[in-house]
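**Q** Starting off with a structure, shown below.
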Amino acid sequence: MAEPFSLPSRRMQQVQAPIIPIVGQWVRDHPGTISLGQGVVYYGPPPQVQQCMARFGQQPEHHLYQAVQGIAPLRECIAQKLQQDNGIFKHREQRIFVTAGGNMAFANAIFAIADPGDEVILLTPYYFNHEMAIRMASCQPVLVPTDEQYQLQIDRIEAAITPKTRAVVTISPNNPTGAVYPEQDLRAVNEVCKQRGIYHICDEAYEYFTYEGVPHFAAGSIAGSHEHTISLFSLSKSFGFAGWRIGYMLMPAHLFEAVRKIQDTQLICPPVVSQHAAIAAMKVGRSYCRAHLQQITHNRQLFQQGLQQLSSRIHLPKAEGAFYFFLRLPVEKNAMEVVEQLIKAHGVAAIPGTAFGADEGCYLRVAYGALQREGAQEGIRRLVEGIKAILQ
């Protein structure tokens, strides 16, 4: 008997459903809920962006398609930023490619380097959209656990490499754990990739969000890494740019034609209006994010203090970057049930760890970047109260 036409492809049936829309609907169904779910910041773009927008429509060419890889003035801004902020001096055998957000940059990379059946190493807990993109490409995510503090285990990464492996993915500062990987570990992963002839994909969307003097290190700054390192960045977090959808990738030049084919098919070009907005934001520079980091740092301190009340009962590893904590609760309930209970009974939302591949035990990702002072205070109060009730 033939399959019904209404079924999606088998490939897509293997892709997990995004959790954030489900949790978001529960939040909407319970007005007044404080969301510690989606990873966004509380602020919007610099005022210079609005000034730029006032002039944008006056140029007729702005309403036409532009270069697939992004307009030249934005790519020039990105090259300057990579040099100043990341210590990456663009090699002549590298290319900058502007994308519609960091997720598109990652998908571009996977489709460019991998064939169906190939493997990509993800470190658990992983970022769910990475796992989803790998499966959409008919590839296999190979999951390698981090340690109890969510740090890299280089020997386990190397042991997981097979003839089918095409890349190792690192995210630092990390989503969902908030871990920041030290320079020596990122250098070690990059060297393993070089020696084994595979790519190192470095997601650095949270590059400006580190605390207590902890530095962010960009693997793309390593001498000789230009042939096998793909660095992904985003304006969504640092410039309050989530809705504008601008990210970018620095990649080996030999991948350029493949990525151009992919993006031309999916997008044609990044939204031109957003690219001009990005130029205005990047000219302000990282000082804009630094000015807002004080509030996010304050939120982090509030959440640390609140969660430490539960430190003898929950697993709370150090989180020195991004704006997340990734908790493990010693309960028999699954994480989705706990999230539902927190929303319905306590008016506070988190994201279940199952979305990030944390299936053994009850994990929650708690995000604090979207809150201002009063919301942060009330949010952590409700969260602690709710967890205490769940642990009873």
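Scheme for the structure tokens: letters A, B, ... for chains in order shown; per-chain residue numbers from 1; ligand numbers from 1 in order shown.
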As a list in words, please: the residues near region 129-139 of chain A (cut-off 8 Å, only C-alpha atoms, same-chain neighbours under 4 positions excluded).

**A**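 Final neighbour list, sorted by chain and number: Arg11, Met12, Gln14, Val15, Gln16, Asn103, Phe106, Ala107, Ile110, Phe111, Ala114, Asp115, Pro116, Gly117, Asp118, Glu119, Val120 and Leu122 of chain A.
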
**Q** Could you list, as number ranges by chain, every residue within 10 Å of Val273 (chain A), counting only C-alpha atoms and ignoring same-chain residues fewer than 3 positions away?

**A** A: 52-53, 56-57, 62-63, 244, 270, 276-278

**Q** Take the selection from the previous step and output its residues with C-alpha atoms, as a short mmCIF file (atom, residue, chain, number, x, y, z; two decimals), in the first residue's frame.

**A**
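Generated output (again07.cif):
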```cif
data_model
loop_
_atom_site.label_atom_id
_atom_site.label_comp_id
_atom_site.auth_asym_id
_atom_site.auth_seq_id
_atom_site.Cartn_x
_atom_site.Cartn_y
_atom_site.Cartn_z
CA CYS A 52 20.83 54.57 8.99
CA MET A 53 17.32 53.26 8.30
CA PHE A 56 18.13 53.55 3.48
CA GLY A 57 15.13 53.85 1.16
CA HIS A 62 19.05 49.12 -2.07
CA HIS A 63 15.81 47.55 -3.28
CA TRP A 244 17.49 41.51 11.80
CA PRO A 270 21.11 38.41 3.03
CA HIS A 276 23.22 48.27 6.09
CA ALA A 277 21.92 48.18 9.65
CA ALA A 278 24.77 45.83 10.51
#
```

**Q** Would you mind listing, for every residue of region 277-365 of chain A within 9 Å of region 39-44 of chain A, the two atoms forming the shortest contact and the distance between them in Å to one decimal, using only C-alpha atoms, sorted by chain and ascending residue number, as a tab-separated table?

**A**
```
residue	atom	partner	partner_atom	distance
A:His292	CA	A:Tyr43	CA	7.6
A:Ile296	CA	A:Val41	CA	8.3
A:Phe323	CA	A:Gly39	CA	7.6
A:Tyr324	CA	A:Gly39	CA	8.1
```

**Q** Out of region 115-151 of chain A, which residues get strand (DSSP E) from DSSP, as a list in words?

**A** Glu119, Val120, Ile121, Leu122, Leu123, Thr124, Gln140, Pro141, Val142, Leu143, Val144 and Pro145 of chain A

**Q** Could you tell me how far CA of Pro215 (chain A) sits from CA of Arg290 (chain A), in Å to one decimal place?

**A**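 Interatomic distance, CA of Arg290 (chain A) to CA of Pro215 (chain A): 13.8 Å.
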